[in-house]
Amino acid sequence: MEENLLIIENIEKAFGSQKVLDGVSFKLNKGDVKVIVGPSGTGKSTLLRCINLLNPPDKGRIYLQNTEITQLPHSKIPSIRQKIGMVFQHFALFNHLSAIDNVALGLIKVKKMNKTDAYEKAMFELKRVGLDQHKDKYPAQLSGGQKQRVGIARALAMDPLLILFDEPTSALDPELIGEVLQVMQNLAKEGMTMICVTHEMGFAKSVANEVIFMEKGKIVEQGPPLKLFTEATHPRTREFLSKISELYGESEKK
Amino acid sequence: MSEINSNLFFLFKNMPLLLNATLTAILLTFASIFIGMVVGILITFLRIYGSKITKKIVFAYEWVLKGTPPLIVIFIFYFGLGKYLNLGPFLSAALALGLRSSAYQAQIYRGAVLSITSEQTEAGLSLGLSRAKTFMIIIIPQALRLSLPGFTNEFTIVLKDTPLAYAVGLVEILKAGRDILNQPLTQSITGGDITGTLNPFAIFLVCALLYFLLFEVFSYLLHFLSKKYEIPGFVTDKETK
Amino acid sequence: MMFFSKLVTYIPSLLKGLGITLELTLLSAIIGFFAAIFLVVGVLYGNRFFKILCNFIITIIRGTPMMVQLFLIYFGLPGINIKLSPLTAAVIAFIINSSAYQAEYLKGGFMAISKEQIEAAYSIGLNKWDAIRLIVFPQAFRFAIPALSNEIVYLIQYTSVAYTIGLPELFYISKNFASKTYMNLEIYLFIGIIYLIFIYIITKLTDIVEKKLYIPGFDTSHLK
């Protein structure tokens with residue numbers, strides 16, 4: 001039996017009186033690419049933020065490599081977050097640092113690497129996302145797609161066990177989406193473990209090995225993309241996926 | 001214990017003096033703000049519609065008044081105009097603080113006026129109003145309402161500048177406190193004399209409290225007014241000092 | 001003119017006074033800045049106790065006149081057995097006063113930064129204080145620069161108030177001149193011009209500092 005990289009057990013979270021996550025569970029293995037879809041406000045982003053403990057769940061447990069991370073003392077949390085990468089919808093690049101400084105910061109300040117090694121690794125990751133030419137540019141000087149790719153490089157630099165993608169292309173102009181999806185596809189091919197919240201159905205169909213449909217804080221249905229898109233069991237799943245497929249269509253393959 | 005009692009008693013005895021001083025501070029604030037408003041609106045108009053030279057003069061005026069320490073402006077007025085026109089401390093201070101405030105208020109009004117579209121001005125002119133009349137009847141009423149948050153800030157700043165008038169002899173709260181402190185403390189209640197000195201810490205704490213009270217009351221009032229009169233749909237600027 | 005001939009004899013004293021003015025301004029601005037950091041971090045990131053305490057301090061200080069605070073420290077403290085020299089009292093009063101205002105300006109800078117910045121900092125494993133120090137503060141500071149430069153201008157103007165407690169700064173010396181020569185208007189106009197010159201110099205200097213610290217994306221010219 002393969003060791004699960006990540007186990008989510010009965011996660012519940014409420015904001016005030018609003019219950020956003022109502023008993024969510026799944027397992028994640030190394031190399032998995034899971035795509036979470038669903039109507040807005042169903043707690044998808046919240047789920048990701050529970051996993052890296054930005055907003056810890058009210059109830060339920062999360063296990064990373066068989067160690068429970070939900071009951072950890074406050075001081076141990078940063079070390080767990082090193083192992084989980086996150087890519088944000090609005091990029092969240094550190095505005096006062098250049099692209100390469102953004103990527104190297106975690107290496108220098110968290111992993112305590114020396115500057116030479118850190119910048120070498122940072123350059124490697126920037127090359128990987130195709131932005132080595134722009135290493136000295138500040139976020140304000142980059143396009144949306146470039147910013148997001150730097151965000152991905154920043155997450156990659158920490159050599160995480162998995163990367164969480166929170167609607168990575170939702171804030172991008174249509175013509176910039178492709179470059180980001182291409183990077184994500186390459187990562188998946190290279191075997192990176194990923195959980196993506198996205199509306200990009202083309203990406204889900206071609207890259208994911210499981211699609212999870214969430215609504216009202218619960219997982220309605222999950223399964224391989226082909227199955228979900230063509231013969232989903234639950235009527236809501238079929239309804240949502242067909243609507244979404246109409247809207248977003250296939251992602252462009254570069 | 002008796003020290004606290006004698007302090008309290010003495011303060012109570014001097015309540016009328018303190019209340020009078022508080023009133024003076026309030027009056028000075030209002031007078032200065034009023035002068036600042038009148039002149040401020042005038043120079044806003046000049047800054048926007050004036051000739052090149054006028055604009056330069058106004059810019060210089062604002063720069064000088066914002067850059068000279070208010071204490072010095074008060075002294076210049078008191079020993080300058082005051083001497084020739086026999087103005088006295090209240091008017092000298094009101095003019096000094098007023099003109100200084102006019103420079104800051106002009107900045108506030110200018111921001112507000114600039115955010116009102118030129119279409120408004122064109123509409124006024126097309127009705128046959130002169131530039132000045134358009135400005136006064138159409139632009140200013142809107143601009144003033146937009147300026148309320150910045151104005152609230154300016155009001156409290158002027159209030160906090162009133163103790164400077166102490167230096168030219170105006171009996172506002174701080175001077176009253178100092179005067180009370182310097183009074184000989186002998187007063188019999190039950191027949192015996194209370195000797196000892198009024199604690200200076202106590203009296204200045206009271207002065208601070210009085211000013212703080214004024215500050216809070218006026219802040220609240222102005223905030224209430226600005227919420228009441230704000231134009232729905234307009235977003236106002238953040239305040240700076 | 002008789003004024004200028006008399007003025008020349010006062011130049012050494014005036015220079016001394018100017019020295020004290022500048023000393024007071026710089027000390028208050030710099031130490032006030034660090035005190036302000038403590039206050040603003042307390043208000044925004046502290047536990048409940050520090051939040052309330054720092055907020056309280058800022059509100060009280062910004063709600064009372066500078067001169068009253070100065071009097072309280074110089075004339076009031078002896079009432080509870082703390083006697084200070086005019087310079088010490090002035091420095092303490094100005095530091096306290098400036099720290100509250102600088103804290104508000106820094107707070108404005110902090111509030112202008114989106115929550116995502118600190119989330120991103122956490123996501124790469126930074127702890128709370130490193131995130132504040134390395135990510136949030138450098139950005140907040142840049143947003144606050146215009147207001148902070150205004151504060152230095154404000155400080156140099158209000159050092160004149162310290163004459164009331166006998167501190168021989170520039171205005172005190174000029175008042176001395178006035179009382180000896182009765183040339184009130186002349187000396188006050190002259191001193192006013194001196195202050196203006198220094199404010200001009202300071203403004204130019206802060207402009208240079210701002211240019212040096214400039215990062216694309218942090219355009220604050222609209223805040224001036």
# chains A, B, ... in the order shown; residues from 1 in each chain; ligands from 1
$ interface_residues --of "chain A" --to "chain C" --cutoff "8 Å" --atoms "only C-alpha atoms" --output "short mmCIF file (atom, residue, chain, number, x, y, z; two decimals) with N, CA and C atoms, in the first residue's frame"
data_model
loop_
_atom_site.label_atom_id
_atom_site.label_comp_id
_atom_site.auth_asym_id
_atom_site.auth_seq_id
_atom_site.Cartn_x
_atom_site.Cartn_y
_atom_site.Cartn_z
N ASN A 52 -2.46 24.34 3.98
CA ASN A 52 -1.18 24.91 4.42
C ASN A 52 -1.32 25.77 5.67
N LEU A 54 -2.94 28.27 6.62
CA LEU A 54 -3.13 29.73 6.66
C LEU A 54 -4.41 30.04 7.43
N ILE A 77 4.54 25.51 12.80
CA ILE A 77 3.81 25.63 11.55
C ILE A 77 4.68 26.13 10.38
N PRO A 78 5.52 27.16 10.56
CA PRO A 78 6.34 27.60 9.43
C PRO A 78 7.15 26.47 8.78
N SER A 79 7.64 25.55 9.58
CA SER A 79 8.45 24.48 8.99
C SER A 79 7.61 23.56 8.13
N ILE A 80 6.32 23.41 8.48
CA ILE A 80 5.43 22.61 7.65
C ILE A 80 5.15 23.35 6.35
N ARG A 81 4.95 24.66 6.46
CA ARG A 81 4.61 25.44 5.27
C ARG A 81 5.74 25.44 4.24
N GLN A 82 6.96 25.25 4.70
CA GLN A 82 8.08 25.14 3.75
C GLN A 82 7.83 24.02 2.77
N ILE A 84 4.96 22.83 1.74
CA ILE A 84 3.76 22.97 0.91
C ILE A 84 3.84 24.29 0.17
N GLY A 85 3.89 24.22 -1.13
CA GLY A 85 3.98 25.45 -1.90
C GLY A 85 2.60 25.99 -2.21
N MET A 86 2.50 27.32 -2.42
CA MET A 86 1.21 27.90 -2.78
C MET A 86 1.37 28.94 -3.86
N PHE A 88 -0.87 31.95 -5.75
CA PHE A 88 -2.05 32.74 -5.41
C PHE A 88 -2.77 33.30 -6.63
N HIS A 90 -3.98 36.25 -7.06
CA HIS A 90 -3.51 37.58 -7.44
C HIS A 90 -1.99 37.70 -7.33
N ALA A 92 0.49 37.74 -5.55
CA ALA A 92 1.10 37.98 -4.25
C ALA A 92 2.62 38.00 -4.29
N LEU A 93 3.19 38.55 -5.35
CA LEU A 93 4.65 38.71 -5.35
C LEU A 93 5.01 39.82 -4.39
N PHE A 94 6.20 39.71 -3.80
CA PHE A 94 6.65 40.75 -2.88
C PHE A 94 7.05 41.96 -3.71
N ASN A 95 6.23 43.01 -3.60
CA ASN A 95 6.34 44.14 -4.52
C ASN A 95 7.64 44.91 -4.43
N HIS A 96 8.30 44.83 -3.30
CA HIS A 96 9.50 45.64 -3.13
C HIS A 96 10.76 44.87 -3.53
N GLY A 106 12.97 32.92 0.21
CA GLY A 106 12.68 31.78 1.07
C GLY A 106 13.93 30.95 1.31
N LYS A 109 16.21 33.13 3.80
CA LYS A 109 15.72 33.43 5.14
C LYS A 109 15.09 32.22 5.84
N VAL A 110 14.55 31.28 5.07
CA VAL A 110 13.89 30.14 5.71
C VAL A 110 14.79 28.92 5.68
N TYR A 138 11.06 44.36 -11.37
CA TYR A 138 10.18 44.39 -10.22
C TYR A 138 8.77 43.98 -10.65
N PRO A 139 7.97 43.45 -9.71
CA PRO A 139 6.63 43.00 -10.07
C PRO A 139 5.83 44.02 -10.86
N ALA A 140 5.98 45.30 -10.53
CA ALA A 140 5.20 46.32 -11.24
C ALA A 140 5.58 46.38 -12.72
N GLN A 141 6.74 45.85 -13.06
CA GLN A 141 7.20 45.90 -14.45
C GLN A 141 6.89 44.63 -15.21
N ALA A 155 7.47 29.25 -5.45
CA ALA A 155 7.00 28.07 -4.73
C ALA A 155 7.93 26.88 -5.01
N MET A 158 11.41 26.22 -3.11
CA MET A 158 11.45 25.63 -1.78
C MET A 158 11.44 24.10 -1.83
#
$ interface_residues --of "chain C" --to "chain B" --cutoff "6 Å" --atoms "only C-alpha atoms" --output "ChimeraX atom specification"
/C:63-65,72,76-77,79,157,185,192,196
$ write_last_selection --atoms "C-alpha atoms" --output "short mmCIF file (atom, residue, chain, number, x, y, z; two decimals), in the first residue's frame"
data_model
loop_
_atom_site.label_atom_id
_atom_site.label_comp_id
_atom_site.auth_asym_id
_atom_site.auth_seq_id
_atom_site.Cartn_x
_atom_site.Cartn_y
_atom_site.Cartn_z
CA GLY C 63 -5.65 64.45 20.97
CA THR C 64 -3.75 66.98 23.04
CA PRO C 65 -1.65 69.95 21.97
CA LEU C 72 3.23 68.64 31.55
CA GLY C 76 4.26 69.13 35.74
CA LEU C 77 6.67 66.30 36.49
CA GLY C 79 5.08 67.87 41.04
CA GLN C 157 8.72 74.36 13.01
CA LEU C 185 9.17 92.79 13.79
CA GLY C 192 11.01 83.31 9.84
CA LEU C 196 11.93 78.76 5.62
#
$ atom_distance --atom1 "atom CA of Asn55 of chain A" --atom2 "atom CA of Asn29 of chain A"
23.0 Å
$ atom_distance --atom1 "atom CA of Lys133 of chain B" --atom2 "atom CA of Thr44 of chain B"
14.1 Å
$ select_by_dssp --residues "segment 4-239 of chain B" --states "strand (DSSP E)" --output "PyMOL selection string"
chain B and resi 187-188+193-194
$ residues_around --residues "Val207 of chain A" --least-positions-apart "4" --cutoff "8 Å" --atoms "only C-alpha atoms" --output "JSON, numbers by chain"
{"A": [33, 185, 188, 203]}
$ write_last_selection --atoms "C-alpha atoms" --output "PDB file, in the first residue's frame"
ATOM      1  CA  VAL A  33      -2.596  16.096  -9.945  1.00  0.00           C
ATOM      2  CA  GLN A 185       1.435  21.214 -17.471  1.00  0.00           C
ATOM      3  CA  ALA A 188       2.718  17.857 -13.856  1.00  0.00           C
ATOM      4  CA  PHE A 203      -6.208  21.677 -18.107  1.00  0.00           C
TER       5      PHE A 203
END
$ residues_around --residues "segment 7-21 of chain C" --least-positions-apart "6" --cutoff "12 Å" --atoms "only C-alpha atoms" --output "NGL selection string"
:C and (1 or 27-28 or 86-88 or 90-91 or 94 or 155-163 or 166-178 or 180-181 or 183 or 186-188 or 190-191 or 194-195 or 198)
$ write_last_selection --atoms "C-alpha atoms" --output "short mmCIF file (atom, residue, chain, number, x, y, z; two decimals), in the first residue's frame"
data_model
loop_
_atom_site.label_atom_id
_atom_site.label_comp_id
_atom_site.auth_asym_id
_atom_site.auth_seq_id
_atom_site.Cartn_x
_atom_site.Cartn_y
_atom_site.Cartn_z
CA MET C 1 20.57 99.34 8.50
CA LEU C 27 16.69 63.39 17.82
CA SER C 28 12.92 63.62 17.90
CA PRO C 86 14.79 72.04 29.47
CA LEU C 87 16.68 70.08 26.83
CA THR C 88 15.83 66.70 28.32
CA ALA C 90 11.96 68.99 25.27
CA VAL C 91 13.57 65.92 23.75
CA PHE C 94 8.97 65.83 21.19
CA LEU C 155 9.10 69.11 13.90
CA ILE C 156 11.52 71.81 12.92
CA GLN C 157 8.72 74.36 13.01
CA TYR C 158 7.48 73.34 16.43
CA THR C 159 10.86 73.26 18.13
CA SER C 160 10.25 76.98 18.47
CA VAL C 161 7.64 76.20 21.12
CA ALA C 162 10.38 74.91 23.40
CA TYR C 163 11.40 78.49 24.13
CA GLY C 166 13.69 78.08 28.52
CA LEU C 167 15.41 75.96 25.90
CA PRO C 168 17.86 78.27 24.09
CA GLU C 169 16.91 77.16 20.61
CA LEU C 170 16.75 79.53 17.65
CA PHE C 171 13.49 81.25 18.52
CA TYR C 172 14.54 81.80 22.12
CA ILE C 173 17.66 83.58 20.96
CA SER C 174 15.66 85.75 18.59
CA LYS C 175 13.28 86.65 21.39
CA ASN C 176 16.34 87.60 23.43
CA PHE C 177 17.45 89.88 20.64
CA ALA C 178 13.97 91.40 20.48
CA LYS C 180 17.23 93.79 24.12
CA THR C 181 16.86 95.81 20.95
CA MET C 183 13.34 95.41 17.01
CA GLU C 186 12.55 92.81 12.10
CA ILE C 187 14.02 89.91 13.99
CA TYR C 188 10.93 87.77 13.74
CA PHE C 190 14.40 87.47 9.72
CA ILE C 191 14.09 84.32 11.80
CA ILE C 194 15.81 81.33 8.31
CA TYR C 195 13.26 78.65 9.16
CA PHE C 198 15.96 75.21 6.41
#
$ residues_around --residues "segment 38-44 of chain A" --least-positions-apart "6" --cutoff "7 Å" --atoms "only C-alpha atoms" --output "PyMOL selection string"
chain A and resi 20-21+197+213-217
$ write_last_selection --atoms "C-alpha atoms" --output "CSV table (one decimal), in the first residue's frame"
chain,number,residue,atom,x,y,z
A,20,VAL,CA,-17.8,26.9,4.3
A,21,LEU,CA,-16.4,23.4,4.6
A,197,VAL,CA,-8.5,25.0,-7.9
A,213,PHE,CA,-16.4,18.5,-7.7
A,214,MET,CA,-17.4,20.4,-4.6
A,215,GLU,CA,-20.5,22.2,-3.8
A,216,LYS,CA,-21.8,23.9,-0.6
A,217,GLY,CA,-18.7,22.8,1.4
$ residues_around --residues "Leu95 of chain B" --least-positions-apart "3" --cutoff "9 Å" --atoms "only C-alpha atoms" --output "count of residues only"
12
$ select_by_dssp --residues "segment 29-220 of chain B" --states "alpha helix (DSSP H)" --output "ChimeraX atom specification"
/B:29-49,52-67,70-79,81-85,88-114,118-126,131-134,140-161,173-182,200-220
